[in-house]
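Student: File follows, structure14.cif with mmCIF, C-alpha atoms:
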```
data_structure
#
loop_
_atom_site.label_atom_id
_atom_site.label_comp_id
_atom_site.auth_asym_id
_atom_site.auth_seq_id
_atom_site.Cartn_x
_atom_site.Cartn_y
_atom_site.Cartn_z
CA MET A 29 0.00 0.00 0.00
CA ALA A 30 1.06 3.57 -0.53
CA ASN A 31 3.06 5.16 2.27
CA LEU A 32 1.26 8.42 2.96
CA LYS A 33 4.11 10.02 4.86
CA ASN A 34 7.14 11.68 3.27
CA SER A 35 5.97 11.43 -0.31
CA LYS A 36 8.08 12.98 -3.02
CA SER A 37 5.05 14.61 -4.63
CA LYS A 38 4.32 16.38 -1.35
CA SER A 39 7.88 17.56 -0.84
CA MET A 40 7.99 18.92 -4.38
CA GLY A 41 4.93 21.01 -3.58
CA LEU A 42 3.00 20.02 -6.69
CA HIS A 43 -0.24 19.89 -4.74
CA LYS A 44 0.17 23.64 -4.12
CA GLU A 45 1.49 24.47 -7.56
CA VAL A 46 0.14 27.67 -9.04
CA LEU A 47 -0.44 26.94 -12.69
CA THR A 48 -0.20 29.68 -15.24
CA GLY A 49 -1.28 29.71 -18.83
CA ARG A 50 -3.30 31.49 -21.45
CA THR A 51 -6.63 32.56 -20.01
CA GLN A 52 -9.37 31.62 -22.42
CA GLN A 53 -12.25 33.42 -20.76
CA VAL A 54 -12.18 36.14 -23.40
CA PHE A 55 -13.51 33.68 -26.01
CA PHE A 56 -16.13 32.29 -23.78
CA ASN A 57 -19.68 33.19 -22.88
CA PRO A 58 -21.32 30.60 -20.60
CA GLU A 59 -24.78 31.75 -21.69
CA GLU A 60 -24.19 30.82 -25.31
CA ALA A 61 -26.90 28.88 -27.13
CA GLU A 62 -27.02 25.15 -26.39
CA ASN A 63 -24.84 23.34 -28.89
CA PHE A 64 -23.44 19.83 -28.51
CA PHE A 65 -21.28 19.58 -31.63
CA TYR A 66 -17.95 20.96 -32.76
CA TYR A 67 -18.00 23.82 -35.22
CA GLY A 68 -18.17 22.27 -38.70
CA ALA A 69 -19.32 18.82 -37.48
CA HIS A 70 -22.03 17.15 -39.54
CA ASP A 71 -25.54 16.81 -38.18
CA VAL A 72 -26.11 13.07 -38.65
CA ASN A 73 -29.16 10.94 -37.90
CA PHE A 74 -28.58 7.55 -36.22
CA ASN A 75 -31.69 6.19 -37.97
CA LYS A 76 -30.26 6.94 -41.42
CA ARG A 77 -28.27 3.78 -42.17
CA THR A 78 -26.14 2.57 -45.06
CA GLU A 79 -23.50 -0.06 -45.98
CA ILE A 80 -20.11 0.14 -47.70
CA ASP A 81 -18.22 -2.80 -49.22
CA ALA A 82 -14.51 -2.17 -48.57
CA LEU A 83 -13.36 -5.09 -50.75
CA ASP A 84 -12.00 -2.95 -53.60
CA LEU A 85 -11.33 0.26 -51.64
CA THR A 86 -8.02 1.51 -50.27
CA ALA A 87 -7.91 2.86 -46.67
CA ALA A 88 -7.89 6.46 -47.94
CA GLN A 89 -10.85 5.81 -50.25
CA LEU A 90 -12.87 4.21 -47.46
CA ASN A 91 -12.10 7.04 -45.02
CA ASP A 92 -13.13 9.62 -47.64
CA LYS A 93 -16.34 7.68 -48.24
CA LEU A 94 -17.14 7.72 -44.51
CA HIS A 95 -16.70 11.50 -44.41
CA SER A 96 -18.92 12.06 -47.43
CA LEU A 97 -21.63 9.82 -45.90
CA MET A 98 -21.55 11.86 -42.67
CA LYS A 99 -21.87 15.00 -44.79
CA GLU A 100 -25.02 13.47 -46.30
CA GLY A 101 -26.40 12.92 -42.78
CA TYR A 102 -25.86 9.14 -42.42
CA GLY A 103 -25.54 8.34 -38.73
CA SER A 104 -25.15 4.54 -38.95
CA VAL A 105 -22.66 2.98 -41.35
CA VAL A 106 -21.79 -0.72 -41.74
CA VAL A 107 -18.44 -1.52 -43.40
CA LYS A 108 -18.31 -4.98 -44.95
CA ASN A 109 -15.09 -6.82 -45.87
CA PRO A 110 -12.52 -4.59 -44.14
CA GLN A 111 -10.08 -7.51 -44.70
CA GLY A 112 -7.57 -6.39 -42.07
CA LYS A 113 -6.65 -3.23 -43.96
CA HIS A 114 -4.65 -0.66 -41.98
CA SER A 115 -5.74 2.80 -40.75
CA LEU A 116 -9.45 2.34 -41.40
CA GLY A 117 -11.97 4.71 -39.79
CA VAL A 118 -9.37 7.23 -38.61
CA GLY A 119 -9.92 10.92 -37.78
CA ILE A 120 -13.70 10.82 -37.29
CA LEU A 121 -14.51 13.95 -35.25
CA ASN A 122 -18.26 13.45 -35.33
CA LYS A 123 -20.98 11.44 -33.68
CA LEU A 124 -21.50 8.28 -35.71
CA ASN A 125 -22.53 4.67 -35.24
CA LEU A 126 -19.90 2.70 -37.18
CA ILE A 127 -19.78 -1.09 -37.52
CA PHE A 128 -16.91 -3.04 -39.09
CA GLU A 129 -17.96 -6.56 -40.05
CA GLY A 130 -14.55 -8.24 -39.89
CA SER A 131 -11.03 -7.43 -38.68
CA LEU A 132 -8.85 -4.32 -38.91
CA GLY A 133 -5.08 -4.03 -39.39
CA TYR A 134 -2.88 -1.59 -37.51
CA PHE A 135 -3.84 1.93 -36.37
CA GLY A 136 -7.56 1.22 -36.82
CA VAL A 137 -9.99 3.97 -35.71
CA GLY A 138 -7.12 6.20 -34.58
CA SER A 139 -7.56 9.84 -33.50
CA ILE A 140 -11.34 9.61 -33.26
CA ASP A 141 -13.42 12.09 -31.29
CA GLY A 142 -16.99 11.00 -30.69
CA PRO A 143 -18.14 7.94 -32.67
CA VAL A 144 -19.41 4.63 -31.31
CA VAL A 145 -17.54 1.88 -33.16
CA ARG A 146 -18.08 -1.88 -33.09
CA ILE A 147 -15.58 -4.28 -34.69
CA THR A 148 -16.79 -7.86 -34.99
CA GLY A 149 -13.33 -9.35 -35.58
CA ARG A 150 -9.80 -8.66 -34.32
CA VAL A 151 -7.59 -5.57 -34.52
CA GLY A 152 -3.87 -5.11 -35.14
CA TRP A 153 -1.46 -2.98 -33.14
CA SER A 154 -2.19 0.55 -31.88
CA CYS A 155 -5.95 0.33 -32.24
CA ALA A 156 -7.69 3.63 -31.31
CA GLU A 157 -4.34 5.34 -30.87
CA ASN A 158 -4.81 8.92 -29.61
CA MET A 159 -8.59 8.46 -29.24
CA MET A 160 -10.21 11.59 -27.75
CA ALA A 161 -13.83 10.55 -27.09
CA GLY A 162 -16.41 7.92 -28.03
CA LYS A 163 -16.71 4.19 -27.54
CA VAL A 164 -14.93 1.37 -29.38
CA VAL A 165 -15.88 -2.29 -28.83
CA ILE A 166 -13.75 -5.12 -30.25
CA GLU A 167 -15.45 -8.50 -30.08
CA LYS A 168 -12.24 -10.61 -30.35
CA ASN A 169 -8.53 -10.01 -29.56
CA ALA A 170 -6.28 -6.98 -30.07
CA GLY A 171 -2.57 -6.57 -30.84
CA SER A 172 0.07 -4.64 -28.93
CA CYS A 173 -0.06 -0.95 -27.98
CA PHE A 174 -3.84 -1.18 -27.66
CA GLY A 175 -5.12 2.34 -26.92
CA ALA A 176 -1.69 3.95 -27.18
CA ALA A 177 -1.77 7.56 -25.91
CA ILE A 178 -5.55 7.71 -25.64
CA ARG A 179 -6.92 10.84 -24.01
CA GLY A 180 -10.56 10.00 -23.46
CA GLY A 181 -13.48 7.68 -24.18
CA ASP A 182 -14.09 3.99 -23.60
CA LEU A 183 -11.96 1.42 -25.46
CA ILE A 184 -13.15 -2.13 -24.93
CA CYS A 185 -11.66 -5.45 -26.06
CA LYS A 186 -13.75 -8.46 -25.11
CA GLY A 187 -10.83 -10.83 -25.77
CA SER A 188 -7.14 -10.52 -24.82
CA VAL A 189 -4.67 -7.77 -25.69
CA GLY A 190 -0.93 -7.69 -26.43
CA ALA A 191 1.96 -5.89 -24.78
CA ARG A 192 2.11 -2.21 -23.79
CA THR A 193 -1.65 -1.72 -23.58
CA GLY A 194 -2.44 1.90 -22.68
CA ILE A 195 1.15 3.02 -23.19
CA ASP A 196 1.43 6.75 -22.47
CA MET A 197 -2.35 7.09 -22.01
CA LYS A 198 -3.46 10.49 -20.78
CA GLY A 199 -7.12 9.77 -20.01
CA GLY A 200 -10.06 7.56 -20.87
CA THR A 201 -10.83 3.97 -19.92
CA ILE A 202 -9.42 0.79 -21.45
CA ILE A 203 -11.37 -2.38 -20.59
CA VAL A 204 -10.08 -5.87 -21.40
CA GLY A 205 -12.22 -8.96 -20.94
CA GLY A 206 -9.31 -11.42 -21.20
CA ASP A 207 -5.60 -11.16 -20.38
CA ALA A 208 -3.15 -8.31 -21.01
CA GLY A 209 0.50 -8.65 -22.06
CA ALA A 210 3.74 -7.26 -20.62
CA PHE A 211 4.16 -3.58 -19.70
CA THR A 212 0.43 -2.86 -19.45
CA GLY A 213 -0.01 0.81 -18.53
CA PHE A 214 3.62 1.59 -19.39
CA MET A 215 4.28 5.30 -18.68
CA MET A 216 0.57 6.02 -18.29
CA GLN A 217 -0.15 9.53 -17.07
CA ARG A 218 -3.85 9.50 -16.35
CA GLY A 219 -6.98 7.42 -17.02
CA ARG A 220 -8.01 3.94 -16.03
CA ILE A 221 -7.30 0.39 -17.24
CA ILE A 222 -9.48 -2.57 -16.26
CA VAL A 223 -8.27 -6.10 -17.04
CA LEU A 224 -10.55 -8.94 -15.95
CA GLY A 225 -7.94 -11.62 -16.64
CA ASP A 226 -4.20 -11.83 -15.88
CA ALA A 227 -1.51 -9.20 -16.48
CA GLY A 228 2.00 -9.90 -17.79
CA ILE A 229 5.35 -8.73 -16.44
CA ASN A 230 6.14 -5.13 -15.44
CA LEU A 231 2.57 -3.97 -14.93
CA GLY A 232 2.32 -0.17 -14.76
CA ASP A 233 6.03 0.35 -15.31
CA SER A 234 7.04 4.01 -14.80
CA MET A 235 3.42 5.09 -14.51
CA TYR A 236 3.10 8.75 -13.57
CA ASP A 237 -0.53 8.70 -12.48
CA GLY A 238 -3.83 6.93 -13.27
CA THR A 239 -5.32 3.68 -12.01
CA ILE A 240 -5.11 0.04 -13.13
CA PHE A 241 -7.55 -2.64 -11.95
CA ILE A 242 -6.55 -6.29 -12.46
CA GLY A 243 -9.02 -9.12 -11.90
CA GLY A 244 -6.60 -12.05 -12.27
CA LYS A 245 -2.94 -12.72 -11.49
CA ILE A 246 -0.16 -10.16 -11.88
CA LYS A 247 3.12 -11.64 -13.10
CA SER A 248 5.20 -8.71 -11.78
CA PHE A 249 4.92 -5.02 -10.97
CA GLY A 250 6.91 -2.45 -12.93
CA SER A 251 8.99 0.34 -11.47
CA ASP A 252 6.98 2.60 -9.10
CA ALA A 253 3.70 0.68 -9.53
CA ILE A 254 2.15 -0.12 -6.16
CA LYS A 255 -1.03 -1.64 -4.78
CA ALA A 256 -3.76 0.61 -3.37
CA LYS A 257 -7.07 0.14 -1.55
CA VAL A 258 -10.13 -0.71 -3.62
CA THR A 259 -12.82 1.64 -2.30
CA SER A 260 -16.61 1.33 -2.48
CA GLU A 261 -16.52 4.22 -5.00
CA ASP A 262 -14.24 2.11 -7.19
CA ILE A 263 -16.54 -0.91 -7.01
CA SER A 264 -19.67 0.99 -8.01
CA TRP A 265 -17.79 2.69 -10.86
CA LEU A 266 -16.37 -0.68 -12.02
CA LYS A 267 -19.84 -2.23 -12.05
CA ARG A 268 -21.13 0.65 -14.14
CA LYS A 269 -18.21 0.50 -16.58
CA LEU A 270 -18.41 -3.27 -17.10
CA LYS A 271 -22.10 -2.86 -17.89
CA VAL A 272 -21.16 -0.28 -20.54
CA ALA A 273 -18.55 -2.74 -21.86
CA GLU A 274 -21.11 -5.58 -21.99
CA ILE A 275 -18.73 -7.94 -20.13
CA GLY A 276 -18.12 -9.37 -16.66
CA SER A 277 -21.73 -9.35 -15.46
CA ASN A 278 -20.91 -12.07 -12.86
CA PHE A 279 -17.42 -10.83 -12.00
CA ASP A 280 -16.29 -11.17 -8.37
CA PHE A 281 -14.96 -7.71 -7.48
CA SER A 282 -13.34 -8.93 -4.26
CA LYS A 283 -10.60 -10.41 -6.49
CA MET A 284 -9.79 -7.02 -8.01
CA THR A 285 -6.32 -5.53 -7.39
CA LYS A 286 -5.92 -1.77 -7.71
CA VAL A 287 -2.56 -0.50 -8.90
CA VAL A 288 -1.47 3.14 -8.77
CA ALA A 289 1.74 5.17 -9.11
CA GLY A 290 3.99 5.35 -6.06
CA LYS A 291 4.96 8.83 -7.33
CA LYS A 292 8.62 8.25 -6.57
CA LEU A 293 9.54 8.99 -10.18
CA TRP A 294 8.20 12.53 -10.12
CA ASN A 295 11.57 14.02 -10.95
CA TYR A 296 10.78 15.84 -14.13
CA ASP A 297 10.67 19.37 -12.66
CA ALA A 298 14.06 18.93 -11.04
CA LEU A 299 15.69 17.43 -14.12
CA GLU A 300 14.27 19.73 -16.74
CA PRO A 301 16.50 22.82 -16.24
CA SER A 302 19.75 20.81 -16.35
CA GLU A 303 18.54 18.95 -19.40
CA LYS A 304 17.75 22.23 -21.11
CA LYS A 305 21.22 23.54 -20.25
CA GLY A 306 22.78 20.45 -21.70
CA ALA A 307 20.83 20.84 -24.91
CA ILE A 308 22.00 24.47 -25.36
CA MET B 10 39.64 30.82 30.33
CA ALA B 11 36.03 31.33 30.37
CA LYS B 12 34.10 28.29 29.52
CA LYS B 13 32.28 28.46 26.29
CA LYS B 14 28.65 28.17 26.79
CA ASN B 15 27.12 25.40 24.84
CA LYS B 16 24.59 27.10 22.72
CA LYS B 17 21.60 25.04 22.04
CA ILE B 18 21.02 24.79 18.36
CA LYS B 19 17.41 24.99 17.62
CA LYS B 20 16.46 22.41 15.08
CA ILE B 21 14.16 23.73 12.46
CA SER B 22 11.84 20.98 11.62
CA LYS B 23 9.88 20.99 8.42
CA PRO B 24 6.18 21.46 9.01
CA LYS B 25 4.51 18.12 8.81
CA GLU B 26 1.75 18.01 6.29
CA LYS B 27 -1.13 15.93 7.34
CA GLU B 28 -2.64 13.78 4.69
CA SER B 29 -6.21 14.73 3.91
CA SER B 30 -9.09 12.51 4.91
CA ARG B 31 -9.60 11.75 1.22
CA GLU B 32 -5.99 10.58 0.91
CA LYS B 33 -6.47 8.39 3.96
CA MET B 34 -9.60 6.91 2.46
CA ILE B 35 -8.10 6.07 -0.92
CA GLY B 36 -4.67 5.18 0.51
CA GLN B 37 -3.02 7.22 -2.18
CA HIS B 38 -1.40 10.62 -2.52
CA ILE B 39 -3.21 13.34 -4.38
CA GLY B 40 -0.35 14.90 -6.26
CA TYR B 41 -2.06 18.10 -7.31
CA ARG B 42 -4.41 20.67 -5.77
CA TYR B 43 -7.32 18.53 -6.87
CA ASP B 44 -7.79 14.80 -7.28
CA VAL B 45 -7.29 13.99 -10.96
CA ASN B 46 -8.36 10.40 -10.30
CA LEU B 47 -11.68 11.27 -8.66
CA LEU B 48 -14.40 9.09 -10.19
CA PRO B 49 -17.61 10.95 -11.07
CA ASP B 50 -20.70 10.63 -8.93
CA TYR B 51 -23.41 9.86 -11.48
CA LYS B 52 -26.16 11.04 -9.14
CA LYS B 53 -24.85 14.56 -9.72
CA VAL B 54 -24.97 14.59 -13.53
CA THR B 55 -26.78 17.76 -14.63
CA PRO B 56 -29.70 17.83 -17.15
CA PHE B 57 -27.40 19.59 -19.67
CA LEU B 58 -24.86 16.77 -19.44
CA LYS B 59 -27.59 14.12 -19.69
CA LYS B 60 -28.78 15.74 -22.91
CA TYR B 61 -25.21 15.83 -24.28
CA ILE B 62 -24.69 12.11 -23.53
CA GLU B 63 -27.99 11.28 -25.24
CA GLN B 64 -27.14 13.37 -28.31
CA MET B 65 -23.79 11.61 -28.71
CA GLY B 66 -25.29 8.13 -28.29
CA TRP B 67 -23.05 7.24 -25.30
CA ASP B 68 -23.90 5.35 -22.11
CA ASP B 69 -22.14 7.63 -19.62
CA LEU B 70 -19.97 10.74 -19.27
CA ASN B 71 -17.34 9.14 -21.53
CA TRP B 72 -14.36 11.53 -22.01
CA LEU B 73 -15.82 13.94 -19.47
CA GLU B 74 -14.92 11.48 -16.69
CA ASP B 75 -11.41 12.93 -16.95
CA VAL B 76 -12.53 16.55 -16.66
CA HIS B 77 -12.16 18.18 -13.24
CA MET B 78 -12.22 21.70 -11.94
CA GLY B 79 -8.65 22.82 -11.38
CA TYR B 80 -6.98 26.16 -10.80
CA GLU B 81 -5.09 28.67 -12.87
CA GLU B 82 -3.25 31.40 -11.00
CA GLY B 83 -5.35 30.64 -7.94
CA ARG B 84 -8.65 31.00 -9.78
CA PRO B 85 -10.95 28.06 -10.49
CA ALA B 86 -10.54 26.90 -14.07
CA VAL B 87 -11.00 23.92 -16.37
CA PHE B 88 -8.37 22.68 -18.80
CA CYS B 89 -9.30 22.58 -22.50
CA ARG B 90 -7.18 19.90 -24.18
CA ASN B 91 -8.12 21.19 -27.65
CA ALA B 92 -6.88 24.73 -27.03
CA ASN B 93 -4.17 23.54 -24.60
CA GLY B 94 -5.10 26.24 -22.10
CA TRP B 95 -7.12 26.89 -18.96
CA VAL B 96 -10.63 28.27 -19.20
CA THR B 97 -11.30 30.29 -16.05
CA ILE B 98 -14.68 29.91 -14.43
CA PRO B 99 -16.67 33.19 -14.68
CA LYS B 100 -16.80 35.00 -11.33
CA LYS B 101 -20.60 35.21 -11.31
CA ILE B 102 -20.90 31.41 -11.09
CA LYS B 103 -21.22 30.43 -7.43
CA LEU B 104 -19.14 27.37 -6.71
CA PRO B 105 -20.45 24.63 -4.42
CA ASP B 106 -18.15 23.10 -1.79
CA SER B 107 -18.28 19.56 -3.10
CA GLN B 108 -15.61 18.65 -5.66
CA GLN B 109 -18.13 16.37 -7.41
CA ASP B 110 -20.54 19.30 -7.96
CA ARG B 111 -17.68 21.54 -9.07
CA ASP B 112 -16.54 18.93 -11.59
CA MET B 113 -20.02 18.79 -13.13
CA ILE B 114 -19.98 22.59 -13.57
CA ALA B 115 -16.52 22.33 -15.14
CA ARG B 116 -17.78 19.68 -17.58
CA GLU B 117 -20.74 21.81 -18.64
CA LEU B 118 -18.63 24.90 -19.16
CA LEU B 119 -16.01 22.98 -21.11
CA ILE B 120 -18.60 21.65 -23.56
CA LYS B 121 -20.02 25.15 -24.04
CA PHE B 122 -16.50 26.46 -24.64
CA GLN B 123 -15.41 23.73 -27.04
CA MET B 124 -18.60 23.83 -29.11
CA SER B 125 -18.65 27.61 -29.29
CA PRO B 126 -18.10 29.29 -32.70
CA ASN B 127 -15.71 31.59 -30.78
CA HIS B 128 -13.39 28.73 -29.81
CA PRO B 129 -9.80 29.57 -30.84
CA LEU B 130 -9.52 26.40 -32.93
CA VAL B 131 -12.34 27.44 -35.27
CA ASP B 132 -10.08 29.86 -37.16
CA LEU B 133 -7.29 27.28 -37.29
CA LYS B 134 -9.68 24.70 -38.66
CA LYS B 135 -10.84 27.07 -41.38
CA ALA B 136 -7.24 27.68 -42.38
CA TYR B 137 -5.80 24.18 -42.15
CA LYS B 138 -8.51 21.54 -42.36
CA LYS B 139 -7.84 18.82 -44.93
CA PHE B 140 -11.32 17.35 -45.35
#
```
Take the structure in the file and give it back as structure tokens.
Tutor:
Amino acid sequence: MANLKNSKSKSMGLHKEVLTGRTQQVFFNPEEAENFFYYGAHDVNFNKRTEIDALDLTAAQLNDKLHSLMKEGYGSVVVKNPQGKHSLGVGILNKLNLIFEGSLGYFGVGSIDGPVVRITGRVGWSCAENMMAGKVVIEKNAGSCFGAAIRGGDLICKGSVGARTGIDMKGGTIIVGGDAGAFTGFMMQRGRIIVLGDAGINLGDSMYDGTIFIGGKIKSFGSDAIKAKVTSEDISWLKRKLKVAEIGSNFDFSKMTKVVAGKKLWNYDALEPSEKKGAI
Amino acid sequence: MAKKKNKKIKKISKPKEKESSREKMIGQHIGYRYDVNLLPDYKKVTPFLKKYIEQMGWDDLNWLEDVHMGYEEGRPAVFCRNANGWVTIPKKIKLPDSQQDRDMIARELLIKFQMSPNHPLVDLKKAYKKF
């Protein structure tokens, strides 16, 4: 468990840090008209549905087609025969109900902000990399770097995932129904990872912040990853999230291990000036 | 020779910081001025946020689970990841004591800011968008 006395984060004074930045209030009027979509986003209707056959399309052609369909107001799109092509469904900054009937290659549905995506097959490495918002459900297994650098949204794999899941993640929730490989949560900075099965070696290695929940066995902890108390708040949130993920309805939460950062690696502020000097 | 008086050296001890009751409860340090890992209380979701979730076709707060009310230069503010800057909370908004309630206000304001035609990224998008 975390030792609450003499923590490095406390001695560095980060909990009192006065942040400075560009004040954005000048652009902002809280009484503005109610609007739930980004400027320039397409107003799509979930009941307007269509299908695309990706058999003879390149990734760029398919992605262009998806954008033109959203422009026409289609809110539900089914992609048939994705055939494991790479970089499909990337850069969708719109609400959309997107279904891939088959498997995707690497960097599938990367940099998305808003859509609900269902993939009936498997996905290659770095699925949903840099995802900002939305929900992605993969029915089978996923490759390595699953949810690399995600910042928000729910990324769900009902099967097992490879190594370095959630590497460098800065927000959002990654949920895995099966097992996770080595270095899960490697250098994660914020967000949450839930693995119902086992975790490989070096779990949460060099994690800066965030939370990892493991339902099965942990092969080994990484540097600065420590166990923490599972609270009643955690349990009720986990129940809610697993319901969203459509998995683990009978899961025994008493088996859950919570892993957080020990915050002993919070050295960046102290190192930065000397590193800058060295660079000059 | 006169004996030197042994002067007592007063030890200056660092003030001990007591961990907050929240830290005791979660058994974990809160590294910043606010708890970035605080899970949202869904009983406190506002009607505006409920409408947003429904419009987007999601089941819960989704990316907004990571949004909390923080501080910029001592003033309450919320961080906009798209503009990479802090949006200060207007002074006329009365802030409740509970962090959960404050976070919900922050979430609402952030949506209003990001979806506004006055958002700083709108001009950038006009100039640089590819499709």
Student: Using all atoms listed in the file, which of A:Tyr66, A:Trp265, A:Phe279, A:Trp294 sits nearest Leu47 in chain B?
Tutor: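 With all atoms listed in the file as the atom set, the closest residue is A:Trp265.
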Student: Carefully work through the PyMOL selection byres ((chain A and resi 129) around 6) for this structure and note down the residues it includes, as an NGL selection string.
Tutor: :A and (108 or 128 or 130 or 148)
Student: I'd like the neighbourhood of Thr55 in chain B as a list in words, where a residue qualifies if any of its atoms comes within 8 Å (using all atoms listed in the file), though same-chain residues fewer than 3 positions away should be ignored.
Tutor: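 Non-adjacent residues within range: Leu58, Lys59 and Met113 of chain B.
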Student: Please write the residues picked by the PyMOL selection byres ((chain B and resi 90) around 12) on this file as a compact mmCIF listing (two decimals) with C-alpha atoms, keeping the file's coordinate frame.
Tutor:
```txt
# COMPACT_ATOMS: atom_id res chain seq x y z
CA MET A 160 -10.21 11.59 -27.75
CA ALA A 161 -13.83 10.55 -27.09
CA ARG A 179 -6.92 10.84 -24.01
CA GLY A 180 -10.56 10.00 -23.46
CA LYS A 198 -3.46 10.49 -20.78
CA GLY A 199 -7.12 9.77 -20.01
CA TRP B 72 -14.36 11.53 -22.01
CA LEU B 73 -15.82 13.94 -19.47
CA ASP B 75 -11.41 12.93 -16.95
CA VAL B 76 -12.53 16.55 -16.66
CA VAL B 87 -11.00 23.92 -16.37
CA PHE B 88 -8.37 22.68 -18.80
CA CYS B 89 -9.30 22.58 -22.50
CA ASN B 91 -8.12 21.19 -27.65
CA ALA B 92 -6.88 24.73 -27.03
CA ASN B 93 -4.17 23.54 -24.60
CA GLY B 94 -5.10 26.24 -22.10
CA TRP B 95 -7.12 26.89 -18.96
CA VAL B 96 -10.63 28.27 -19.20
CA LEU B 119 -16.01 22.98 -21.11
CA ILE B 120 -18.60 21.65 -23.56
CA PHE B 122 -16.50 26.46 -24.64
CA GLN B 123 -15.41 23.73 -27.04
CA LEU B 130 -9.52 26.40 -32.93
```
Student: At a cut-off of 8 Å, can you tabulate as JSON lines every residue of range 152-243 of chain A near range 252-260 of chain A together with its closest atom pair and the distance in Å to one decimal, using only C-alpha atoms and ordering rows by chain then number?
Tutor:
```
{"residue": "A:Leu231", "atom": "CA", "partner": "A:Ala253", "partner_atom": "CA", "distance": 7.2}
{"residue": "A:Gly232", "atom": "CA", "partner": "A:Ala253", "partner_atom": "CA", "distance": 5.5}
{"residue": "A:Asp233", "atom": "CA", "partner": "A:Ala253", "partner_atom": "CA", "distance": 6.2}
{"residue": "A:Ser234", "atom": "CA", "partner": "A:Asp252", "partner_atom": "CA", "distance": 5.9}
{"residue": "A:Met235", "atom": "CA", "partner": "A:Ala253", "partner_atom": "CA", "distance": 6.7}
```
Student: Counting all atoms listed in the file, which of B:Ile98, B:Met124, B:Leu48, B:Leu118 gets nearest to Asn71 in chain B?
Tutor: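 Among the listed residues, B:Leu48 lies closest to Asn71 in chain B.
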Student: One number please: CA of Glu274 in chain A to CA of Arg218 in chain A, in Å, one decimal.
Tutor: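 Result for CA of Glu274 in chain A versus CA of Arg218 in chain A: 23.6 Å, one decimal.
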Student: Run the PyMOL selection byres ((chain A and resi 77-94) around 12) on the file and write out the hits as a PyMOL selection string.
Tutor: (chain A and resi 70+72-76+95-122+124-138+143) or (chain B and resi 139-140)
Student: Please work out which residues fall within 6 Å of (-15.1, 1.0, -32.5), coordinates as given in the file, with all atoms listed in the file counting, and return them as a PyMOL selection string.
Tutor: chain A and resi 144-147+164-165
Student: Mind checking which residues fall within 10 Å of Leu270 in chain A, counting only C-alpha atoms, ignoring those fewer than 6 positions away in the same chain, and posting them as a PDB file with C-alpha atoms, in the frame of the given file?
Tutor:
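Generated output (around14.pdb):
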```pdb
ATOM      1  CA  ILE A 184     -13.150  -2.130 -24.930  1.00  0.00           C
ATOM      2  CA  ILE A 203     -11.370  -2.380 -20.590  1.00  0.00           C
ATOM      3  CA  VAL A 204     -10.080  -5.870 -21.400  1.00  0.00           C
ATOM      4  CA  GLY A 205     -12.220  -8.960 -20.940  1.00  0.00           C
ATOM      5  CA  ILE A 222      -9.480  -2.570 -16.260  1.00  0.00           C
ATOM      6  CA  LEU A 224     -10.550  -8.940 -15.950  1.00  0.00           C
ATOM      7  CA  GLY A 276     -18.120  -9.370 -16.660  1.00  0.00           C
ATOM      8  CA  SER A 277     -21.730  -9.350 -15.460  1.00  0.00           C
ATOM      9  CA  PHE A 279     -17.420 -10.830 -12.000  1.00  0.00           C
TER      10      PHE A 279
END
```
Student: Go ahead and compute the interatomic distance for CA of Ile166 in chain A and CA of Ala289 in chain A, in Å to one decimal.
Tutor: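 Between CA of Ile166 in chain A and CA of Ala289 in chain A the gap works out to 28.2 Å.
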Student: I'd like to know which of B:Glu82, B:Asp132, B:Asp50, B:Asp110 is closest to chain A, using only C-alpha atoms.
Tutor: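 Closest to chain A, using only C-alpha atoms: B:Glu82.
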Student: Measuring between all atoms listed in the file, which one of B:Ser125, B:Lys101, B:Lys53, B:Arg31 shows the shortest distance to chain A?
Tutor: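 Of the candidates, the smallest distance to chain A is held by B:Ser125.
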